[in-house]
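Structure data follow from coords.cif (mmCIF, C-alpha atoms):
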data_coords
#
loop_
_atom_site.label_atom_id
_atom_site.label_comp_id
_atom_site.auth_asym_id
_atom_site.auth_seq_id
_atom_site.Cartn_x
_atom_site.Cartn_y
_atom_site.Cartn_z
CA PHE A 394 13.94 62.78 3.40
CA PHE A 395 15.35 59.58 4.88
CA CYS A 396 17.49 57.14 2.87
CA GLY A 397 16.29 58.79 -0.32
CA VAL A 398 12.58 58.41 0.50
CA MET A 399 10.29 61.20 1.64
CA VAL A 400 9.20 60.63 5.24
CA GLY A 401 5.48 60.00 5.43
CA HIS A 402 5.24 59.07 1.74
CA SER A 403 3.67 55.65 1.31
CA ILE A 404 4.12 53.59 -1.85
CA ASP A 405 0.91 52.81 -3.70
CA PRO A 406 -0.09 49.16 -2.91
CA ALA A 407 -0.27 48.24 -6.61
CA GLU A 408 3.11 49.87 -7.26
CA GLU A 409 4.63 47.92 -4.38
CA LEU A 410 3.29 44.67 -5.83
CA VAL A 411 4.67 45.56 -9.27
CA ILE A 412 8.13 46.09 -7.74
CA LYS A 413 7.91 42.67 -6.05
CA ALA A 414 6.72 41.03 -9.26
CA ASN A 415 9.62 42.52 -11.20
CA ALA A 416 12.04 41.04 -8.65
CA PHE A 417 10.42 37.59 -9.01
CA PHE A 418 10.62 37.83 -12.80
CA GLU A 419 14.32 38.77 -12.68
CA LYS A 420 14.90 35.52 -10.77
CA ARG A 421 12.79 33.64 -13.38
CA ASP A 422 10.27 32.81 -10.65
CA LEU A 423 7.44 32.96 -13.18
CA LYS A 424 4.69 31.61 -10.94
CA ASN A 425 5.14 34.21 -8.19
CA ALA A 426 5.79 37.00 -10.72
CA LYS A 427 2.52 36.30 -12.51
CA GLU A 428 0.48 35.95 -9.31
CA THR A 429 1.91 39.21 -7.92
CA TRP A 430 1.27 41.14 -11.15
CA GLU A 431 -2.28 39.78 -11.19
CA ARG A 432 -2.84 41.07 -7.64
CA ALA A 433 -1.50 44.47 -8.71
CA LEU A 434 -3.79 44.43 -11.75
CA GLU A 435 -6.82 43.73 -9.58
CA ILE A 436 -6.08 46.90 -7.57
CA GLN A 437 -5.35 48.98 -10.69
CA MET A 438 -8.57 47.90 -12.41
CA GLY A 439 -10.54 49.35 -9.51
CA GLU A 440 -8.92 52.78 -9.85
CA VAL A 441 -10.28 55.45 -12.18
CA GLY A 442 -7.95 56.93 -14.81
CA ASN A 443 -5.29 54.29 -14.32
CA ASP A 444 -5.40 52.82 -17.84
CA ILE A 445 -1.68 53.21 -18.60
CA ALA A 446 -0.68 51.41 -15.39
CA VAL A 447 -3.18 48.66 -16.28
CA SER A 448 -1.64 48.30 -19.75
CA ASP A 449 1.86 48.11 -18.28
CA THR A 450 0.87 45.35 -15.85
CA LEU A 451 -1.00 43.42 -18.55
CA ASP A 452 2.12 43.72 -20.68
CA SER A 453 4.19 42.20 -17.86
CA ILE A 454 1.72 39.32 -17.40
CA ALA A 455 1.92 38.70 -21.14
CA ARG A 456 5.70 38.30 -20.80
CA VAL A 457 5.20 35.50 -18.28
CA LEU A 458 2.61 33.82 -20.51
CA PHE A 459 5.11 34.00 -23.36
CA PHE A 460 7.78 32.28 -21.24
CA GLU A 461 5.22 29.66 -20.19
CA GLY A 462 4.41 28.90 -23.82
CA ASN A 463 0.81 30.06 -23.44
CA TYR A 464 0.89 32.01 -26.69
CA SER A 465 -2.86 32.34 -27.29
CA GLU A 466 -3.49 33.96 -23.88
CA CYS A 467 -0.34 36.05 -24.27
CA LEU A 468 -1.61 37.38 -27.61
CA GLU A 469 -5.01 38.08 -26.06
CA LYS A 470 -3.40 40.19 -23.32
CA LEU A 471 -1.16 42.05 -25.77
CA ASN A 472 -4.15 42.95 -27.94
CA VAL A 473 -5.82 44.50 -24.88
CA VAL A 474 -2.58 46.41 -24.16
CA LEU A 475 -2.48 47.59 -27.77
CA GLY A 476 -6.08 48.81 -27.58
CA ILE A 477 -5.36 50.85 -24.43
CA ARG A 478 -2.16 52.35 -25.80
CA LEU A 479 -3.76 53.26 -29.13
CA GLU A 480 -6.57 55.02 -27.27
CA LYS A 481 -4.49 56.76 -24.60
CA LEU A 482 -1.12 57.29 -26.29
CA GLY A 483 -1.97 57.17 -29.97
CA GLU A 484 -0.52 55.27 -32.93
CA LYS A 485 2.69 57.29 -33.17
CA HIS A 486 4.08 56.48 -29.72
CA VAL A 487 7.10 54.33 -28.83
CA GLU A 488 5.07 52.26 -26.34
CA THR A 489 2.54 51.45 -29.07
CA ALA A 490 5.45 50.45 -31.30
CA GLN A 491 6.82 48.21 -28.54
CA THR A 492 3.46 46.44 -28.31
CA TYR A 493 3.44 45.77 -32.05
CA LYS A 494 6.96 44.37 -31.66
CA TYR A 495 5.95 42.04 -28.82
CA ILE A 496 2.95 40.81 -30.82
CA GLY A 497 5.42 40.11 -33.62
CA HIS A 498 7.48 38.00 -31.20
CA VAL A 499 4.42 35.84 -30.44
CA PHE A 500 3.60 35.32 -34.12
CA GLN A 501 7.23 34.40 -34.79
CA GLU A 502 7.24 31.91 -31.93
CA VAL A 503 4.16 30.10 -33.30
CA GLY A 504 5.63 30.06 -36.81
CA ASP A 505 3.45 32.76 -38.40
CA ASP A 506 6.41 34.66 -39.83
CA LYS A 507 4.36 36.66 -42.33
CA ARG A 508 2.28 38.24 -39.57
CA ALA A 509 5.40 38.66 -37.44
CA GLU A 510 6.97 40.65 -40.27
CA GLU A 511 3.80 42.75 -40.54
CA MET A 512 3.92 43.62 -36.82
CA TYR A 513 7.64 44.40 -36.91
CA ARG A 514 7.14 46.70 -39.90
CA LYS A 515 4.34 48.54 -38.07
CA ALA A 516 6.66 49.03 -35.11
CA LEU A 517 9.45 50.17 -37.44
CA ASP A 518 7.23 52.72 -39.22
CA ILE A 519 6.31 54.32 -35.87
CA LYS A 520 9.87 54.36 -34.54
CA LEU A 521 11.20 55.89 -37.74
CA GLU A 522 8.83 58.82 -37.15
CA VAL A 523 9.90 59.45 -33.56
CA LEU A 524 13.53 58.22 -33.52
CA PRO A 525 16.55 58.68 -35.82
CA GLU A 526 17.21 55.77 -38.20
CA THR A 527 20.52 55.10 -36.45
CA HIS A 528 18.80 54.58 -33.08
CA ILE A 529 19.39 51.12 -31.63
CA GLU A 530 15.64 50.41 -31.34
CA VAL A 531 15.27 51.05 -35.07
CA THR A 532 18.24 48.91 -36.14
CA GLU A 533 16.98 46.17 -33.80
CA LEU A 534 13.72 46.08 -35.76
CA TYR A 535 15.60 45.87 -39.07
CA ASN A 536 17.27 42.74 -37.69
CA MET A 537 13.93 41.27 -36.54
CA ILE A 538 12.37 41.85 -39.94
CA ALA A 539 15.40 40.16 -41.50
CA VAL A 540 14.84 37.09 -39.28
CA SER A 541 11.17 36.86 -40.29
CA LEU A 542 12.11 37.24 -43.98
CA LYS A 543 14.74 34.51 -43.64
CA ARG A 544 12.20 32.17 -42.07
CA GLN A 545 9.85 32.80 -44.99
CA GLY A 546 12.61 31.75 -47.38
CA LYS A 547 13.21 35.30 -48.62
CA SER A 548 16.98 35.12 -48.22
CA SER A 549 17.90 37.91 -50.64
CA GLU A 550 15.49 40.36 -48.94
CA ALA A 551 16.73 39.28 -45.52
CA ILE A 552 20.40 39.85 -46.32
CA LYS A 553 19.58 43.31 -47.72
CA MET A 554 17.81 44.15 -44.48
CA TYR A 555 20.73 42.92 -42.37
CA LYS A 556 23.22 44.88 -44.47
CA HIS A 557 21.10 48.03 -44.23
CA SER A 558 20.97 47.64 -40.45
CA LEU A 559 24.72 46.94 -40.31
CA ALA A 560 25.56 50.05 -42.35
CA LYS A 561 23.54 52.27 -40.01
CA LEU A 562 25.08 50.67 -36.92
CA LEU A 563 28.64 51.05 -38.19
CA GLN A 564 27.91 54.66 -39.11
CA ILE A 565 26.86 55.67 -35.61
CA HIS A 566 28.51 53.14 -33.25
CA GLY A 567 31.47 51.72 -35.12
CA GLU A 568 32.13 47.98 -35.00
CA ASP A 569 32.25 47.56 -31.21
CA HIS A 570 28.53 47.38 -30.46
CA PHE A 571 26.31 44.44 -29.49
CA ALA A 572 23.84 45.10 -32.33
CA VAL A 573 26.69 44.84 -34.84
CA VAL A 574 27.37 41.35 -33.48
CA LEU A 575 23.70 40.43 -33.97
CA ALA A 576 23.77 41.70 -37.56
CA TYR A 577 26.96 39.76 -38.34
CA ASN A 578 25.42 36.64 -36.81
CA GLY A 579 22.27 37.10 -38.90
CA ILE A 580 24.28 37.44 -42.12
CA ALA A 581 26.34 34.38 -41.13
CA GLY A 582 23.12 32.40 -40.69
CA LEU A 583 22.07 33.26 -44.24
CA LEU A 584 25.51 32.33 -45.55
CA MET A 585 25.20 28.98 -43.77
CA ASP A 586 21.82 28.40 -45.45
CA GLN A 587 23.55 29.00 -48.79
CA ASN A 588 26.26 26.46 -47.83
CA ARG A 589 28.89 29.21 -47.82
CA LEU A 590 30.23 27.72 -44.62
CA ASP A 591 33.74 29.18 -44.65
CA ASP A 592 32.28 32.68 -45.18
CA ALA A 593 29.83 32.06 -42.34
CA LEU A 594 32.65 31.01 -40.02
CA GLN A 595 34.62 34.15 -40.87
CA MET A 596 31.59 36.26 -40.00
CA HIS A 597 31.14 34.45 -36.66
CA ASP A 598 34.85 34.81 -35.88
CA LYS A 599 34.48 38.56 -36.42
CA SER A 600 31.51 38.53 -34.01
CA ILE A 601 33.51 36.66 -31.38
CA GLU A 602 36.40 39.15 -31.68
CA ILE A 603 33.97 42.02 -31.08
CA CYS A 604 32.42 40.20 -28.11
CA LEU A 605 35.85 39.72 -26.52
CA ARG A 606 36.69 43.41 -26.97
CA LEU A 607 33.34 44.50 -25.58
CA LYS A 608 33.72 42.16 -22.62
CA GLN A 609 37.02 43.89 -21.75
CA LEU A 610 35.51 47.36 -22.19
CA GLU A 611 32.26 46.54 -20.41
CA PRO A 612 32.47 43.87 -17.68
CA ASP A 613 28.65 43.75 -17.59
CA PHE A 614 28.39 43.11 -21.34
CA ASP A 615 25.38 40.92 -22.13
CA THR A 616 26.62 37.33 -21.97
CA ASP A 617 23.56 36.15 -23.92
CA ILE A 618 25.11 37.71 -27.03
CA VAL A 619 28.43 35.94 -26.42
CA VAL A 620 26.68 32.62 -25.80
CA GLY A 621 24.45 33.06 -28.86
CA THR A 622 27.48 33.70 -31.06
CA LEU A 623 29.23 30.56 -29.78
CA HIS A 624 26.08 28.51 -30.48
CA ASN A 625 25.80 29.95 -33.99
CA LYS A 626 29.41 29.19 -34.88
CA ALA A 627 28.97 25.67 -33.48
CA LYS A 628 26.04 25.10 -35.86
CA VAL A 629 28.23 25.96 -38.84
CA LEU A 630 30.91 23.54 -37.61
CA GLU A 631 28.25 20.85 -37.19
CA LYS A 632 27.17 21.38 -40.80
CA GLN A 633 30.83 20.80 -41.77
CA GLY A 634 30.78 17.59 -39.72
CA ASN A 635 33.22 19.01 -37.17
CA PHE A 636 31.31 17.94 -34.06
CA GLU A 637 34.37 17.87 -31.81
CA ASP A 638 35.11 21.60 -32.20
CA ALA A 639 31.38 22.35 -32.04
CA THR A 640 31.21 20.54 -28.69
CA ASP A 641 34.13 22.63 -27.38
CA LEU A 642 32.34 25.87 -28.29
CA ILE A 643 29.06 24.79 -26.69
CA THR A 644 30.92 23.71 -23.57
CA LYS A 645 32.44 27.23 -23.38
CA ALA A 646 28.95 28.68 -23.71
CA LEU A 647 27.76 26.42 -20.88
CA MET A 648 30.61 27.49 -18.58
CA ILE A 649 29.71 31.15 -19.16
CA GLN A 650 26.06 30.52 -18.34
CA LEU A 651 26.76 28.49 -15.21
CA GLU A 652 28.84 31.43 -13.92
CA THR A 653 26.32 34.14 -14.88
CA VAL A 654 22.67 33.05 -15.12
CA GLY A 655 23.09 29.84 -13.10
CA LYS A 656 22.29 26.18 -13.60
CA MET A 657 18.48 26.47 -13.33
CA ASP A 658 17.90 29.04 -16.08
CA PRO A 659 16.03 28.13 -19.33
CA ARG A 660 18.96 29.51 -21.32
CA THR A 661 21.25 27.00 -19.63
CA ALA A 662 18.78 24.27 -20.59
CA ASP A 663 19.04 25.39 -24.23
CA THR A 664 22.79 24.90 -24.08
CA TYR A 665 22.54 21.47 -22.47
CA GLU A 666 20.19 20.47 -25.31
CA HIS A 667 22.60 21.70 -27.97
CA LEU A 668 25.46 19.94 -26.22
CA ALA A 669 23.44 16.72 -26.20
CA THR A 670 23.01 16.83 -30.00
CA THR A 671 26.74 17.11 -30.60
CA TYR A 672 27.51 14.29 -28.17
CA ILE A 673 24.95 12.02 -29.80
CA ALA A 674 26.23 12.90 -33.29
CA GLN A 675 29.65 11.60 -32.17
CA GLY A 676 28.13 8.38 -30.83
CA MET A 677 28.62 9.52 -27.22
CA LEU A 678 25.10 8.42 -26.29
CA GLU A 679 25.56 8.33 -22.51
CA ASP A 680 26.99 11.87 -22.42
CA GLY A 681 24.16 13.04 -24.67
CA ILE A 682 21.48 11.54 -22.44
CA ASN A 683 23.12 13.06 -19.35
CA ALA A 684 23.00 16.51 -20.98
CA LEU A 685 19.35 15.98 -21.97
CA THR A 686 18.56 14.90 -18.40
CA LYS A 687 19.99 18.16 -17.04
CA ALA A 688 18.06 20.18 -19.61
CA LEU A 689 14.84 18.36 -18.73
CA GLU A 690 15.35 18.97 -15.00
CA ILE A 691 15.61 22.72 -15.66
CA ARG A 692 12.57 22.75 -17.97
CA ARG A 693 10.41 20.93 -15.43
CA THR A 694 11.52 23.15 -12.55
CA VAL A 695 11.22 26.50 -14.31
CA LEU A 696 8.53 25.93 -16.94
CA GLY A 697 6.55 22.98 -15.58
CA ASP A 698 5.52 19.68 -17.18
CA GLY A 699 2.76 21.33 -19.22
CA HIS A 700 5.04 23.67 -21.19
CA PRO A 701 5.41 22.70 -24.91
CA THR A 702 9.20 22.77 -24.64
CA THR A 703 9.15 20.42 -21.64
CA LYS A 704 6.79 18.00 -23.44
CA ARG A 705 9.02 17.98 -26.53
CA LEU A 706 12.11 17.33 -24.42
CA VAL A 707 10.41 14.47 -22.52
CA GLN A 708 9.75 12.72 -25.85
CA CYS A 709 13.29 13.37 -27.06
CA HIS A 710 14.81 12.10 -23.79
CA SER A 711 12.62 9.01 -23.84
CA GLY A 712 13.57 8.23 -27.43
CA PHE A 713 17.31 8.46 -26.86
CA SER A 714 17.06 6.60 -23.55
CA ASN A 715 15.31 3.76 -25.39
CA ILE A 716 18.15 3.68 -27.93
CA GLU A 717 20.60 3.38 -25.06
CA PHE A 718 18.64 0.47 -23.56
CA TYR A 719 18.28 -1.17 -26.98
CA ASN A 720 22.06 -1.00 -27.44
CA LYS A 721 22.58 -2.52 -23.98
CA ALA A 722 20.18 -5.37 -24.79
CA GLN A 723 21.89 -5.98 -28.13
CA ALA A 724 25.28 -6.07 -26.41
CA LEU A 725 24.00 -8.65 -23.89
CA ASN A 726 22.62 -10.77 -26.75
CA GLU A 727 25.95 -10.69 -28.58
CA GLN A 728 27.80 -11.65 -25.40
CA GLY A 729 25.30 -14.48 -24.89
CA LEU A 730 25.94 -15.79 -28.40
CA GLY A 731 29.66 -15.69 -27.67
CA MET A 732 29.22 -17.68 -24.45
CA ALA A 733 26.99 -20.20 -26.25
CA ALA A 734 29.62 -20.66 -28.97
CA GLU A 735 32.20 -21.33 -26.26
CA GLY A 736 29.90 -23.94 -24.70
CA ASP A 737 29.07 -21.92 -21.55
CA SER A 738 25.30 -22.44 -21.70
CA GLU A 739 24.63 -21.25 -18.16
CA LYS A 740 26.38 -17.89 -18.72
CA ALA A 741 24.74 -17.55 -22.14
CA ILE A 742 21.27 -18.04 -20.63
CA GLN A 743 21.97 -15.40 -17.96
CA LEU A 744 23.01 -12.92 -20.65
CA PHE A 745 19.99 -13.71 -22.86
CA GLN A 746 17.71 -13.30 -19.84
CA GLY A 747 19.29 -9.90 -19.07
CA ALA A 748 18.59 -8.78 -22.63
CA LEU A 749 15.03 -10.13 -22.43
CA ASP A 750 14.39 -8.27 -19.17
CA ILE A 751 15.40 -4.99 -20.82
CA TYR A 752 13.16 -5.66 -23.83
CA LYS A 753 10.19 -6.44 -21.59
CA GLU A 754 10.68 -3.38 -19.38
CA LYS A 755 11.43 -0.80 -22.06
CA PHE A 756 9.84 -1.99 -25.28
CA SER A 757 6.89 -4.29 -24.57
CA ALA A 758 3.40 -2.83 -25.13
#

Written form, structure tokens:
Amino acid sequence: FFCGVMVGHSIDPAEELVIKANAFFEKRDLKNAKETWERALEIQMGEVGNDIAVSDTLDSIARVLFFEGNYSECLEKLNVVLGIRLEKLGEKHVETAQTYKYIGHVFQEVGDDKRAEEMYRKALDIKLEVLPETHIEVTELYNMIAVSLKRQGKSSEAIKMYKHSLAKLLQIHGEDHFAVVLAYNGIAGLLMDQNRLDDALQMHDKSIEICLRLKQLEPDFDTDIVVGTLHNKAKVLEKQGNFEDATDLITKALMIQLETVGKMDPRTADTYEHLATTYIAQGMLEDGINALTKALEIRRTVLGDGHPTTKRLVQCHSGFSNIEFYNKAQALNEQGLGMAAEGDSEKAIQLFQGALDIYKEKFSA
């Protein structure tokens, strides 16, 4: 052995490509990750008895397609994965359950929450047969089913599911566990929908307290959970009309992300978008457009111009930018009227012309 590797042992070419692809994916380099996994798949497809490796690589490619917003092709790949795993591993296998769960994610993303719930329940039924009910993968599925129920308008069923999950989590892990935070956040979301805003805020405050404790206990604690909790509490504050405090929370979330995942991560773009909405709600249009511009830069770099999220953000950015230009033109018109009233015709004409130039550039057909 040398440096932990057996001398003379060569890594399988497909396996080597998979390792490289995983590294690209960790860096959110989706293009290179996908291309590298596809090269690995080409090798694996030519090997006899390699069906499980093929399904694993197809599963990884599906993840990239999901991030790219190519949901139809992602679903197509996952159905192939499911077919292989059903044949080779059987229905009652955790990997089969994971595939049902991922298919549920796709259905949820495209708004088919009924089918998402169906897939999550299939995954849950399998995991309940092979894992204890207190296992984190089981309680995670309870939370996912609760989300799909909530999105179908079945609030009472959703809150029962969250509370069932929470009881199991508290039983085995106590309060200081990331899944407990997710359950509290889910219940808070339902309370917000019912306009029980103070109760929702209390639930989010409890989540934040747990996050702070976990961060001290575990320096590598998942910052996505912390950021998500800050976003969720900010949404409740927004519903109360408290945009100033909401902006402070989202800014904290942004600072965390810039230090951890970096400025060119899609999650950072999400936060810039949320920040933009709170700025705009306070009439801080320029700050809002600046935040949208940063979000758009990330979307274009990481996801490309063809991604649905990028297209939506382009329209949003254009709309708010036009409002900004409209306000500038209106301001020039008002100044022009003021100059005209004071008898300064030359200055008034200059101001009117400035307004007209903006209208022609930004609003003419």

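Across A:Gly712, A:Pro659, A:Gly634, A:Gly579, the tightest approach to Arg692 in chain A is made by A:Pro659 when counting all atoms listed in the file.
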
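Of the residues listed (A:Gly462, A:Gly676, A:Gly442, A:Gly504), A:Gly462 shows the shortest atom-to-atom separation from Thr703 in chain A; distances use all atoms listed in the file.
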
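The environment of Thr702 in chain A within 10 Å, counting only C-alpha atoms and disregarding residues fewer than 5 places along the same chain, consists of Glu461, Gly462, Leu689, Arg692, Arg693, Leu696, Gly697 and Val707 of chain A.
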
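Non-sequential neighbours of Ile519 in chain A (distance at most 10 Å, separation of 3 or more positions within a chain, only C-alpha atoms) are Glu484, Lys485, His486, Val487, Glu488, Thr489, Ala490, Gln491, Tyr493, Arg514, Lys515, Ala516, Glu522, Val523, Leu524 and Val531 of chain A.
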
Generate a file of the selected residues that holds C-alpha atoms, formatted as a PDB file, keeping the file's coordinate frame.
ATOM      1  CA  GLU A 484      -0.520  55.270 -32.930  1.00  0.00           C
ATOM      2  CA  LYS A 485       2.690  57.290 -33.170  1.00  0.00           C
ATOM      3  CA  HIS A 486       4.080  56.480 -29.720  1.00  0.00           C
ATOM      4  CA  VAL A 487       7.100  54.330 -28.830  1.00  0.00           C
ATOM      5  CA  GLU A 488       5.070  52.260 -26.340  1.00  0.00           C
ATOM      6  CA  THR A 489       2.540  51.450 -29.070  1.00  0.00           C
ATOM      7  CA  ALA A 490       5.450  50.450 -31.300  1.00  0.00           C
ATOM      8  CA  GLN A 491       6.820  48.210 -28.540  1.00  0.00           C
ATOM      9  CA  TYR A 493       3.440  45.770 -32.050  1.00  0.00           C
ATOM     10  CA  ARG A 514       7.140  46.700 -39.900  1.00  0.00           C
ATOM     11  CA  LYS A 515       4.340  48.540 -38.070  1.00  0.00           C
ATOM     12  CA  ALA A 516       6.660  49.030 -35.110  1.00  0.00           C
ATOM     13  CA  GLU A 522       8.830  58.820 -37.150  1.00  0.00           C
ATOM     14  CA  VAL A 523       9.900  59.450 -33.560  1.00  0.00           C
ATOM     15  CA  LEU A 524      13.530  58.220 -33.520  1.00  0.00           C
ATOM     16  CA  VAL A 531      15.270  51.050 -35.070  1.00  0.00           C
TER      17      VAL A 531
END

Taking 5 positions as the minimum chain separation for residues in the same chain, which residues sit within 10 Å of Lys420 in chain A when counting all atoms listed in the file? Answer as a ChimeraX atom specification. /A:414-415,426,654,658

Using only C-alpha atoms, which protein or nucleic acid residues come within 10 Å of range 613-630 of chain A? Drop anything in the same chain fewer than 4 positions from it, and give the result as a PyMOL selection string. chain A and resi 571-572+574-575+577-579+581-582+584-586+588-591+593-598+600-601+603-605+607-609+634-650+653-654+660-661+663-664+667-668+671

Can you give me, as JSON, numbers by chain, the residues this file yields under the PyMOL selection byres ((chain A and resi 511) around 10)? {"A": [493, 494, 496, 497, 500, 506, 507, 508, 509, 510, 512, 513, 514, 515, 516, 517, 538, 541]}

Once you have the residues from the selection above, write them out as a PDB file, in the frame of the given file, restricted to C-alpha atoms.
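result_1.pdb, written as the output of this step:
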ATOM      1  CA  TYR A 493       3.440  45.770 -32.050  1.00  0.00           C
ATOM      2  CA  LYS A 494       6.960  44.370 -31.660  1.00  0.00           C
ATOM      3  CA  ILE A 496       2.950  40.810 -30.820  1.00  0.00           C
ATOM      4  CA  GLY A 497       5.420  40.110 -33.620  1.00  0.00           C
ATOM      5  CA  PHE A 500       3.600  35.320 -34.120  1.00  0.00           C
ATOM      6  CA  ASP A 506       6.410  34.660 -39.830  1.00  0.00           C
ATOM      7  CA  LYS A 507       4.360  36.660 -42.330  1.00  0.00           C
ATOM      8  CA  ARG A 508       2.280  38.240 -39.570  1.00  0.00           C
ATOM      9  CA  ALA A 509       5.400  38.660 -37.440  1.00  0.00           C
ATOM     10  CA  GLU A 510       6.970  40.650 -40.270  1.00  0.00           C
ATOM     11  CA  MET A 512       3.920  43.620 -36.820  1.00  0.00           C
ATOM     12  CA  TYR A 513       7.640  44.400 -36.910  1.00  0.00           C
ATOM     13  CA  ARG A 514       7.140  46.700 -39.900  1.00  0.00           C
ATOM     14  CA  LYS A 515       4.340  48.540 -38.070  1.00  0.00           C
ATOM     15  CA  ALA A 516       6.660  49.030 -35.110  1.00  0.00           C
ATOM     16  CA  LEU A 517       9.450  50.170 -37.440  1.00  0.00           C
ATOM     17  CA  ILE A 538      12.370  41.850 -39.940  1.00  0.00           C
ATOM     18  CA  SER A 541      11.170  36.860 -40.290  1.00  0.00           C
TER      19      SER A 541
END

Name the residues captured by the PyMOL selection byres ((chain A and resi 748) around 8) when it is applied to the shown file; answer as an NGL selection string. :A and (721-723 or 725-726 or 744-747 or 749-752)

With 3 Å added on each side, what axis-aligned box encloses every listed atom of range 723-738 of chain A? Give the centre and edge lengths in Å to one decimal, as AutoDock Vina command-line options.
--center_x 27.0 --center_y -15.0 --center_z -25.3 --size_x 16.3 --size_y 24.0 --size_z 13.4

Since I can't run it myself right now, could you work out what the PyMOL selection byres ((chain A and resi 411) around 8) selects here and report it as a VMD selection string? chain A and resid 407 to 410 412 to 415 429 to 430 433 450

Using all atoms listed in the file, determine which residues lie at most 7 Å from Ala455 in chain A, disregarding the query and same-chain residues fewer than 6 positions distant; provide the list as a ChimeraX atom specification. /A:467,470-471

Which value, in Å to one decimal, gives the distance between CA of Arg478 in chain A and CA of Thr492 in chain A? 8.5 Å

Using all atoms listed in the file, collect all residues at a distance of at most 12 Å from (23.7, 14.2, -27.0) as written in the file, then present them as a PyMOL selection string. chain A and resi 636+640+643+664-688+709-710+712-714+716-717

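If you measure from each of A:Ala446, A:Leu451, A:Val503, A:Leu563 to Ser465 in chain A using all atoms listed in the file, the closest one turns out to be A:Val503.
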
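Of note, CA of Leu482 in chain A and CA of Ser453 in chain A are spaced 18.1 Å apart.
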